[in-house]
Every structure is written in structure tokens, then in C-alpha cells.
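With compact mmCIF, C-alpha atoms inside, this is final_25.txt:
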# COMPACT_ATOMS: atom_id res chain seq x y z
CA MET A 1 118.32 79.95 52.66
CA LEU A 2 121.96 80.93 53.17
CA VAL A 3 121.00 83.50 55.83
CA THR A 4 118.95 80.94 57.82
CA THR A 5 121.79 78.40 57.78
CA THR A 6 124.27 81.05 58.94
CA THR A 7 121.95 82.15 61.76
CA ILE A 8 121.53 78.58 63.01
CA ALA A 9 125.31 78.07 62.88
CA GLN A 10 125.79 81.27 64.88
CA ASN A 11 123.16 80.20 67.43
CA LYS A 12 124.94 76.88 67.83
CA ASP A 13 128.21 78.74 68.40
CA TYR A 14 126.64 80.71 71.24
CA LEU A 15 124.43 77.97 72.67
CA LEU A 16 124.66 78.17 76.43
CA SER A 17 124.52 74.83 78.26
CA LEU A 18 125.67 73.30 81.53
CA ASP A 19 128.92 72.20 79.95
CA GLY A 20 129.89 75.29 77.99
CA ILE A 21 129.15 77.81 75.25
CA GLY A 22 129.01 76.39 71.73
CA SER A 23 132.22 74.48 71.12
CA LEU A 24 133.90 75.93 74.24
CA LYS A 25 133.52 73.11 76.78
CA LEU A 26 134.39 72.62 80.43
CA GLY A 27 137.16 70.08 80.89
CA MET A 28 138.50 70.79 77.39
CA PRO A 29 142.31 70.43 77.20
CA PHE A 30 144.25 73.68 76.63
CA VAL A 31 145.52 72.51 73.22
CA GLU A 32 141.92 71.95 72.10
CA LEU A 33 140.98 75.41 73.38
CA GLU A 34 143.69 76.99 71.25
CA LYS A 35 142.30 75.12 68.23
CA VAL A 36 138.72 76.35 68.88
CA LEU A 37 139.92 79.92 69.40
CA ASN A 38 142.29 79.59 66.47
CA SER A 39 145.03 81.41 68.31
CA LYS A 40 148.14 80.76 70.37
CA ILE A 41 147.65 81.69 74.03
CA ILE A 42 150.62 82.68 76.16
CA LEU A 43 150.06 81.78 79.81
CA LYS A 44 151.50 84.20 82.35
CA VAL A 45 151.06 82.20 85.55
CA ILE A 46 150.68 78.47 84.92
CA ASN A 47 153.95 77.05 83.56
CA VAL A 48 155.74 80.15 84.95
CA ASP A 49 155.06 79.74 88.66
CA PRO A 50 155.25 76.01 89.47
CA VAL A 51 153.12 76.44 92.63
CA VAL A 52 150.10 78.16 91.06
CA LEU A 53 147.81 75.78 89.24
CA VAL A 54 145.05 78.17 88.14
CA GLU A 55 144.90 81.10 85.72
CA THR A 56 142.15 83.22 84.18
CA ILE A 57 142.51 84.45 80.62
CA LYS A 58 140.43 86.91 78.58
CA VAL A 59 139.85 85.80 75.00
CA LYS A 60 137.61 86.42 71.99
CA TYR A 61 135.41 83.51 70.92
CA LYS A 62 133.43 83.97 67.69
CA GLY A 63 133.55 87.73 68.21
CA ILE A 64 132.39 87.81 71.84
CA ASP A 65 134.41 88.47 75.00
CA VAL A 66 134.86 85.41 77.18
CA GLU A 67 136.78 84.85 80.40
CA ILE A 68 138.20 81.36 80.80
CA SER A 69 139.55 79.78 83.97
CA LEU A 70 142.25 77.21 83.47
CA TRP A 71 143.38 74.52 85.86
CA LYS A 72 146.61 72.62 85.61
CA ARG A 73 146.03 68.95 86.24
CA GLN A 74 148.77 66.37 86.63
CA ASP A 75 149.73 66.12 82.98
CA TYR A 76 147.69 68.74 81.14
CA ILE A 77 145.89 72.08 81.47
CA ALA A 78 142.10 72.12 81.13
CA VAL A 79 139.21 74.61 80.99
CA ASP A 80 137.64 74.86 84.46
CA GLY A 81 135.30 77.83 84.05
CA ILE A 82 133.74 80.02 81.35
CA SER A 83 132.20 83.47 81.94
CA ALA A 84 130.52 85.82 79.48
CA SER A 85 127.91 88.55 79.23
CA SER A 86 127.08 88.61 75.52
CA PRO A 87 123.38 88.89 74.54
CA LEU A 88 124.18 86.48 71.70
CA CYS A 89 124.55 83.60 74.18
CA LYS A 90 121.28 81.83 74.95
CA THR A 91 120.18 78.43 76.24
CA LYS A 92 118.11 76.10 74.06
CA SER A 93 114.95 77.50 75.67
CA GLY A 94 116.03 81.10 75.04
CA ILE A 95 117.38 82.08 78.49
CA GLY A 96 120.10 84.70 78.28
CA ILE A 97 120.89 88.32 79.06
CA GLY A 98 117.69 90.08 80.16
CA SER A 99 115.84 86.92 81.30
CA ASN A 100 114.37 86.98 84.82
CA LYS A 101 114.40 84.58 87.78
CA LEU A 102 110.97 83.05 87.16
CA GLN A 103 111.80 82.43 83.48
CA ILE A 104 114.98 80.57 84.48
CA ILE A 105 113.14 78.48 87.08
CA ALA A 106 110.35 77.62 84.64
CA ALA A 107 112.89 76.64 81.94
CA TYR A 108 114.82 74.26 84.20
CA ASP A 109 112.04 72.08 85.58
CA GLY A 110 113.46 69.03 87.38
CA TYR A 111 116.91 70.57 87.92
CA HIS A 112 118.61 71.62 91.15
CA ILE A 113 118.09 75.38 91.41
CA ASP A 114 119.51 77.79 93.95
CA ALA A 115 118.17 81.35 93.70
CA LYS A 116 119.81 83.56 96.28
CA PRO A 117 120.54 87.19 97.04
CA LEU A 118 124.12 88.40 97.35
CA PHE A 119 125.37 89.56 100.74
CA GLU A 120 127.92 92.07 101.89
CA TYR A 121 129.70 92.22 105.24
CA GLU A 122 130.27 95.46 107.10
CA GLY A 123 131.91 96.35 110.41
CA ASP A 124 129.78 94.04 112.59
CA ASN A 125 130.60 91.12 110.25
CA LYS A 126 126.88 90.35 109.94
CA PRO A 127 125.69 89.50 106.43
CA LYS A 128 123.58 92.23 104.80
CA ARG A 129 121.47 91.40 101.80
CA ILE A 130 122.23 93.42 98.66
CA LYS A 131 118.75 94.25 97.41
CA THR A 132 119.54 94.55 93.71
CA LYS A 133 121.92 91.64 93.16
CA SER A 134 121.21 87.93 93.10
CA THR A 135 122.31 84.68 91.45
CA VAL A 136 120.43 81.67 90.12
CA THR A 137 122.48 78.48 89.98
CA VAL A 138 121.25 75.57 87.85
CA LYS A 139 122.68 72.07 88.17
CA GLU A 140 121.62 68.68 86.88
CA ALA A 141 122.64 66.92 90.09
CA GLU A 142 123.73 67.92 93.59
CA GLU A 143 127.31 68.11 92.32
CA GLY A 144 128.66 68.67 88.83
CA TYR A 145 128.60 71.26 86.06
CA ALA A 146 126.46 74.34 86.67
CA ILE A 147 125.40 77.61 85.11
CA ILE A 148 125.33 80.56 87.49
CA PHE A 149 123.18 83.38 86.16
CA ASN A 150 124.12 86.74 87.72
CA LEU A 151 121.13 89.08 88.04
CA VAL A 152 120.80 92.79 88.69
CA ASN A 153 117.27 94.05 89.41
CA ASN A 154 115.96 90.58 88.54
CA LYS A 155 117.50 90.51 85.03
CA VAL A 156 120.42 88.34 83.91
CA VAL A 157 123.50 90.46 83.22
CA SER A 158 126.16 87.74 82.94
CA PHE A 159 126.74 84.06 83.53
CA ASP A 160 129.42 81.64 84.66
CA ILE A 161 129.70 77.96 83.74
CA LEU A 162 131.74 75.91 86.16
CA PRO A 163 131.88 72.68 88.12
CA ILE A 164 130.41 72.89 91.63
CA TYR A 165 131.15 70.41 94.37
CA ASP A 166 129.30 70.09 97.66
CA ASP A 167 131.97 71.55 99.93
CA GLU A 168 132.13 74.71 97.83
CA GLU A 169 128.53 75.74 98.45
CA MET B 1 68.76 89.23 110.67
CA LYS B 2 70.63 92.11 112.30
CA LYS B 3 70.99 90.03 115.48
CA ILE B 4 72.48 87.10 113.53
CA CYS B 5 75.00 89.42 111.87
CA LEU B 6 75.93 90.93 115.23
CA PHE B 7 76.41 87.42 116.69
CA PHE B 8 78.70 86.57 113.77
CA PHE B 9 80.90 89.61 114.21
CA ILE B 10 81.11 89.36 118.01
CA VAL B 11 81.54 85.59 118.47
CA VAL B 12 82.32 83.69 115.24
CA ALA B 13 84.69 86.11 113.48
CA PRO B 14 87.17 86.51 116.39
CA CYS B 15 87.19 82.72 116.90
CA THR B 16 88.08 82.18 113.23
CA ALA B 17 90.80 84.80 113.42
CA ALA B 18 92.28 83.15 116.52
CA GLN B 19 92.19 79.75 114.81
CA LYS B 20 93.98 81.20 111.80
CA LYS B 21 96.65 82.69 114.06
CA ASP B 22 97.17 79.26 115.63
CA HIS B 23 97.95 77.81 112.23
CA ILE B 24 100.06 80.59 110.73
CA ILE B 25 103.30 79.20 109.26
CA SER B 26 106.39 81.38 109.45
CA LEU B 27 110.13 80.76 109.31
CA ASN B 28 110.11 80.80 113.13
CA GLY B 29 107.31 78.36 113.76
CA LEU B 30 103.67 77.36 113.54
CA GLY B 31 101.26 79.55 115.52
CA SER B 32 102.41 79.59 119.13
CA LEU B 33 104.82 76.68 118.56
CA GLN B 34 108.06 78.58 118.03
CA LEU B 35 111.35 76.99 117.07
CA GLY B 36 113.94 77.30 119.82
CA MET B 37 111.35 76.73 122.59
CA SER B 38 112.26 74.37 125.40
CA GLN B 39 110.46 71.03 125.80
CA GLU B 40 108.72 72.47 128.89
CA GLY B 41 107.46 75.43 126.89
CA VAL B 42 106.04 73.13 124.21
CA GLU B 43 104.42 70.92 126.87
CA LYS B 44 102.64 73.97 128.30
CA ILE B 45 101.22 74.90 124.90
CA LEU B 46 100.14 71.35 124.10
CA ASN B 47 99.00 70.79 127.66
CA GLU B 48 100.61 67.37 127.77
CA LYS B 49 103.87 65.70 128.81
CA ILE B 50 106.14 64.73 125.92
CA LEU B 51 108.18 61.55 126.13
CA LEU B 52 111.61 61.87 124.49
CA PRO B 53 113.55 58.64 125.25
CA ASN B 54 116.73 59.87 123.58
CA SER B 55 116.95 62.83 125.94
CA LEU B 56 117.31 60.43 128.89
CA ASP B 57 120.12 58.53 127.22
CA THR B 58 123.30 60.40 128.07
CA ILE B 59 125.60 57.48 127.34
CA ASN B 60 124.96 57.12 123.61
CA ASP B 61 125.18 60.55 122.07
CA ASN B 62 121.63 60.66 120.76
CA TYR B 63 121.17 64.40 120.62
CA GLN B 64 117.89 64.43 118.71
CA ASP B 65 114.42 62.99 119.19
CA THR B 66 111.02 63.33 117.57
CA ALA B 67 107.47 63.08 118.86
CA LYS B 68 104.16 62.83 116.98
CA LEU B 69 101.56 64.97 118.72
CA LYS B 70 98.37 67.00 118.28
CA TYR B 71 98.54 70.80 118.21
CA LYS B 72 95.23 72.67 117.97
CA ASN B 73 93.58 69.57 116.47
CA ILE B 74 96.16 68.99 113.77
CA ASP B 75 98.84 66.28 113.57
CA VAL B 76 102.39 67.55 113.97
CA GLN B 77 105.77 65.89 114.19
CA LEU B 78 108.10 67.79 116.48
CA GLU B 79 111.85 67.43 116.49
CA PHE B 80 113.93 68.29 119.54
CA ASN B 81 117.64 68.71 120.00
CA ARG B 82 119.76 68.54 123.14
CA SER B 83 121.06 72.00 124.02
CA TYR B 84 123.74 72.38 126.69
CA TYR B 85 123.44 75.61 128.68
CA ALA B 86 126.10 74.72 131.30
CA PRO B 87 128.66 71.90 131.69
CA TYR B 88 126.73 68.58 131.68
CA LYS B 89 123.41 70.41 131.86
CA PHE B 90 121.06 70.41 128.93
CA ARG B 91 117.47 70.94 127.92
CA MET B 92 115.63 69.70 124.85
CA ARG B 93 114.76 72.50 122.42
CA LEU B 94 112.36 72.46 119.50
CA ILE B 95 114.27 72.48 116.19
CA GLY B 96 111.71 71.11 113.73
CA ILE B 97 107.95 71.09 113.03
CA LYS B 98 106.43 68.90 110.31
CA ALA B 99 102.77 68.97 109.29
CA ASN B 100 100.46 68.56 106.31
CA SER B 101 97.21 70.15 107.45
CA PRO B 102 95.43 72.39 104.92
CA LEU B 103 94.60 74.67 107.88
CA CYS B 104 98.25 75.78 108.07
CA LYS B 105 99.13 78.73 105.86
CA THR B 106 101.72 81.49 105.74
CA ALA B 107 100.57 85.10 106.20
CA SER B 108 100.44 85.40 102.40
CA GLY B 109 98.27 82.27 102.08
CA ILE B 110 100.86 79.65 101.09
CA GLY B 111 100.00 76.16 102.27
CA VAL B 112 98.88 72.73 101.08
CA GLY B 113 97.83 73.01 97.42
CA THR B 114 99.89 76.12 96.58
CA ASP B 115 101.76 76.12 93.25
CA ILE B 116 105.60 76.28 93.18
CA LEU B 117 105.76 79.57 91.25
CA LYS B 118 103.55 81.26 93.88
CA ILE B 119 106.02 80.25 96.60
CA ILE B 120 108.96 81.62 94.64
CA ALA B 121 107.13 84.89 93.96
CA ALA B 122 106.11 85.22 97.63
CA TYR B 123 109.72 84.85 98.84
CA ASP B 124 111.33 86.84 96.06
CA SER B 125 113.97 88.50 98.24
CA LEU B 126 115.03 85.37 100.14
CA HIS B 127 117.21 82.40 99.23
CA VAL B 128 115.07 79.75 97.49
CA LYS B 129 116.38 76.24 96.84
CA ILE B 130 114.54 73.84 94.53
CA GLN B 131 115.54 70.19 94.51
CA PRO B 132 114.08 67.14 92.76
CA GLY B 133 112.71 64.48 95.19
CA TYR B 134 111.94 64.88 98.88
CA VAL B 135 115.12 66.02 100.61
CA ASN B 136 115.46 65.05 104.25
CA TYR B 137 118.84 65.83 105.75
CA TYR B 138 121.27 63.81 103.63
CA GLU B 139 118.70 61.44 102.13
CA THR B 140 116.52 62.11 99.12
CA GLU B 141 113.34 60.20 98.34
CA GLU B 142 113.20 60.23 94.57
CA GLY B 143 110.04 59.83 92.51
CA GLU B 144 108.06 61.20 89.58
CA GLY B 145 106.66 64.66 90.34
CA LYS B 146 108.34 64.95 93.76
CA SER B 147 110.25 68.10 94.61
CA THR B 148 111.40 70.13 97.61
CA VAL B 149 111.39 73.92 97.86
CA SER B 150 113.32 75.44 100.76
CA ILE B 151 113.19 79.07 101.86
CA LEU B 152 116.27 80.08 103.84
CA ASP B 153 116.55 83.17 106.02
CA ASP B 154 119.74 85.25 105.74
CA ALA B 155 121.51 83.41 108.56
CA ALA B 156 120.75 80.00 106.99
CA SER B 157 121.71 81.26 103.54
CA THR B 158 125.10 82.57 104.66
CA MET B 159 125.66 79.79 107.22
CA ASP B 160 126.03 82.45 109.90
CA TYR B 161 126.60 80.24 112.94
CA PHE B 162 126.54 83.19 115.37
CA SER B 163 122.80 83.60 114.78
CA ASP B 164 119.83 81.23 114.90
CA ALA B 165 119.14 80.15 111.32
CA TYR B 166 115.67 79.22 110.02
CA THR B 167 114.50 77.30 106.96
CA MET B 168 110.96 76.68 105.72
CA VAL B 169 110.69 73.55 103.58
CA PHE B 170 107.77 72.72 101.29
CA PHE B 171 107.34 69.21 99.86
CA LEU B 172 105.55 69.23 96.50
CA LEU B 173 103.89 66.66 94.29
CA ASN B 174 103.36 67.75 90.68
CA LYS B 175 104.32 71.32 91.64
CA LYS B 176 101.72 71.62 94.45
CA VAL B 177 102.54 71.69 98.17
CA ILE B 178 101.50 68.53 100.04
CA SER B 179 103.33 69.09 103.35
CA PHE B 180 105.88 71.34 105.01
CA GLU B 181 108.64 71.39 107.59
CA LEU B 182 110.07 74.28 109.61
CA LYS B 183 113.65 73.85 110.72
CA ALA B 184 116.06 75.78 112.94
CA LYS B 185 119.78 75.60 113.46
CA LEU B 186 120.11 77.19 116.89
CA LYS B 187 123.25 78.79 118.19
CA ASP B 188 124.80 77.36 121.30
CA GLU B 189 123.07 78.54 124.52
CA LYS B 190 126.42 78.82 126.28
CA GLU B 191 127.56 81.70 124.03
Same coordinates, now as C-alpha cells:
Amino acid sequence: MLVTTTTIAQNKDYLLSLDGIGSLKLGMPFVELEKVLNSKIILKVINVDPVVLVETIKVKYKGIDVEISLWKRQDYIAVDGISASSPLCKTKSGIGIGSNKLQIIAAYDGYHIDAKPLFEYEGDNKPKRIKTKSTVTVKEAEEGYAIIFNLVNNKVVSFDILPIYDDEE
Amino acid sequence: MKKICLFFFIVVAPCTAAQKKDHIISLNGLGSLQLGMSQEGVEKILNEKILLPNSLDTINDNYQDTAKLKYKNIDVQLEFNRSYYAPYKFRMRLIGIKANSPLCKTASGIGVGTDILKIIAAYDSLHVKIQPGYVNYYETEEGEGKSTVSILDDAASTMDYFSDAYTMVFFLLNKKVISFELKAKLKDEKE
């Protein structure tokens, strides 16, 4: 009984959704982030350089490595992006590291989905498709929070959660 | 019996193959109707004059016009765009083809009635966009079971404006194709 409860709690901690991982949420104020991570974070860019408003930090969250993008708004700093590659992180329907493109598409019926190859640019500046790498972006609406699944050889290897607006696409 | 078989292989089979070729959907067009063609080129294929009132109006900047026509016995809606090839000189070029005939299929057999997952599997290496509702330029017709699946070539995917970019759009109802549209973003003829 105790083991089952602990497993569910762990799953909840690593639940991957369009707005975050477990209790790590997009838009969360920096002070809240410190509380969730239970540690004091020293920023090296924001608050040091008055011009730069963004900073990426590497932290541990419930034992997994997570990269968090921060954005300084007018009066507070907030979480603006979360990236991870832990196999412990999964969506409610079980999508995570190792899932493939068709599984993602089938799991997000009715969502906005963008499945595209990655490109590289060489001397002629013409885009060349990278055969092994692709991304699948899932959004609830045309603009808003999204999960970007990064795939290598059609298997998810990492993911990013971030807000996407039309002019960024 | 042998004579009937011979007749089939000599006369009927090639006719069917030619018909199929006429209705093959690709990113570049439908059969011999190829995106980027001039209005005159399309008129030759259809063997009829096409009236595009917007193309005559050079005062209001109406650059686009559509015409509903018959191509090889199927209904098509063709979209043209004004393309300047010299100062103040332009021709109308084909930038869109819309149809819903079950005769039209891609080389791999995708057409009216095909399931969404088959489309995605068929275009595994290309950019595939899935959107709820029927997406038409900046407007979306929402509704239960309606979705749009777009296949973008590399130029369309990377918004490479130095190349012609092509997109194949499938409109689906309850995950099955009911119609399609082929679209091109053509580079300037002056370049």
C-alpha cells in the first residue's frame, strides 16, 4: 500500500503537461521556484546585467536534471521554459522518452500538432533536411503553452515546455 | 476469351492508366495542372478561356482571383495570383487547386476517404501540420470532427522565399479525407 502511494506521488511529480512538469510550472514566480526546488538560486545574469532579461539555469528537481529559462518581467522574475530528458517524466497518456511520432499524434487528438524535420544550412544557404532529427510540437491553441518533443530516429530523446506565439514559428 | 483479354490490355488498360495520371495529386499539382503555370497554360489544358475579373482591375490591388472549372470531368477550384515579370507587366499564375473528387489520389493512394494516420505515415520525412477545424488562410471553420492536415515541402517548412514553396492540404471529417487543396508560394518572376 505504501509503495503504491509513493509511486503515484512520484508519477505526479514527473507528470509532463503543457504547463510544466509536476509542480514546476510555466509562469511560476522565481520565489515560488526556489520553494519547489527547496534551494536558494544565485542568478548570474539577471539582476547583474540590467539589460539582459533572460537567463537559463540548470537545477535538480526531485532528483532529475532540469534546465529552466527565466524571464525578468517588470516587477518579478518568472519561469519561461522547462527542458528535461529524464525517462521518469511522462504525460498522462504515457508519452515520454522513447515514444514515437505516431504515438504522440494519436495521444493528442484535437490539438495543434506540428511534426517537422530539423534543417541545417551549408555554404549555399539552402536548407538541408537532417534525416535523423525531428520535433513534434503540441499546443492546445494556435498560440500558448506547448510541449516540443525532440526526436532522434523517430524516438523522443528530450522535451521542452514553453510558450509559443505566432511570430516565433 | 483470349481476344477479349487482348482487347483489355491493348485498349482499356492504357486508358485507365492515362486517366489515373490525369488525377494524380502531388505537391506540385493535379495531373497536368501544375502550380506556377500561367493562365494561358491552364486555358490550353482545359481547352477553355478563363474569366478572372480581378486580373483586369489594376486600380484596386486585387492580386488574386479564383475560378470554378471542370478538369478531366471533375470539379476544381483554381486560384490565380498576379505575377509581375517586368515593370507594370504581369500575368496570372496558378497558385491553388481545390477539389474533392474520389478519382484524385497521390502516387501512394492517398485521397478522399484516407485515414489521418495513413497520411502521416506516407509523408514521414516531411513537415506535417495538424490543426483542428478547416484552416483557410487566416480563418478557421470550427466544428465537431473537422481537422486540417498540411504537408509542407522543405521550402514551405523553412519559409525559404528564394524557392517556390508547395503545400498539400487535406481537409478531414472524423479523421477521413473529404477534400484537398494544393497551394504554392511562388518566388518573384523578376528575380
Leaving out A:Phe159 and any residue of its chain fewer than 2 positions from it, which residues lie within 12 Å of it when counting all atoms listed in the file, given as a ChimeraX atom specification?
-> /A:16-18,20-21,66-67,81-87,89-91,95-99,134-138,146-152,155-157,161-162
Proximity of chain B to chain A: per-residue shortest pair, 6 Å limit, only C-alpha atoms, as CSV:
residue,atom,partner,partner_atom,distance
B:His127,CA,A:Lys116,CA,4.1
B:Val128,CA,A:Ala115,CA,5.2
B:Lys129,CA,A:Asp114,CA,4.5
B:Ile130,CA,A:Ile113,CA,5.0
B:Gln131,CA,A:His112,CA,4.8
B:Pro132,CA,A:Gly110,CA,5.7
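Coordinates place atom CA of A:Tyr165 at a distance of 28.8 Å from atom CA of A:Lys35.
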Could you check which of B:Asn136, B:Glu79, B:Phe162, B:Lys49 is closest to B:Lys98, using all atoms listed in the file?
->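 Of B:Asn136, B:Glu79, B:Phe162, B:Lys49, the one nearest B:Lys98 is B:Glu79, counting all atoms listed in the file.
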Coordinates-based distance that separates atom CA of B:Phe180 from atom CA of B:Asn28 (Å, one decimal) |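 Distance between the two atoms: 13.2 Å.
Between atom CA of B:Lys21 and atom CA of B:Glu40 the separation is 21.7 Å.
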Kindly indicate which residue among B:Glu48, B:Asp22, B:Asp124, B:Glu181 lies nearest to A:Asn100, using only C-alpha atoms for the distances.
-> B:Asp124
Output, as lines of an AutoDock Vina configuration file, the centre and edge lengths in Å (one decimal) of the axis-aligned box that contains all listed atoms of stretch 17-33 of chain A with 5 Å of margin on each side.
center_x = 135.0
center_y = 73.9
center_z = 76.3
size_x = 31.0
size_y = 17.7
size_z = 20.4
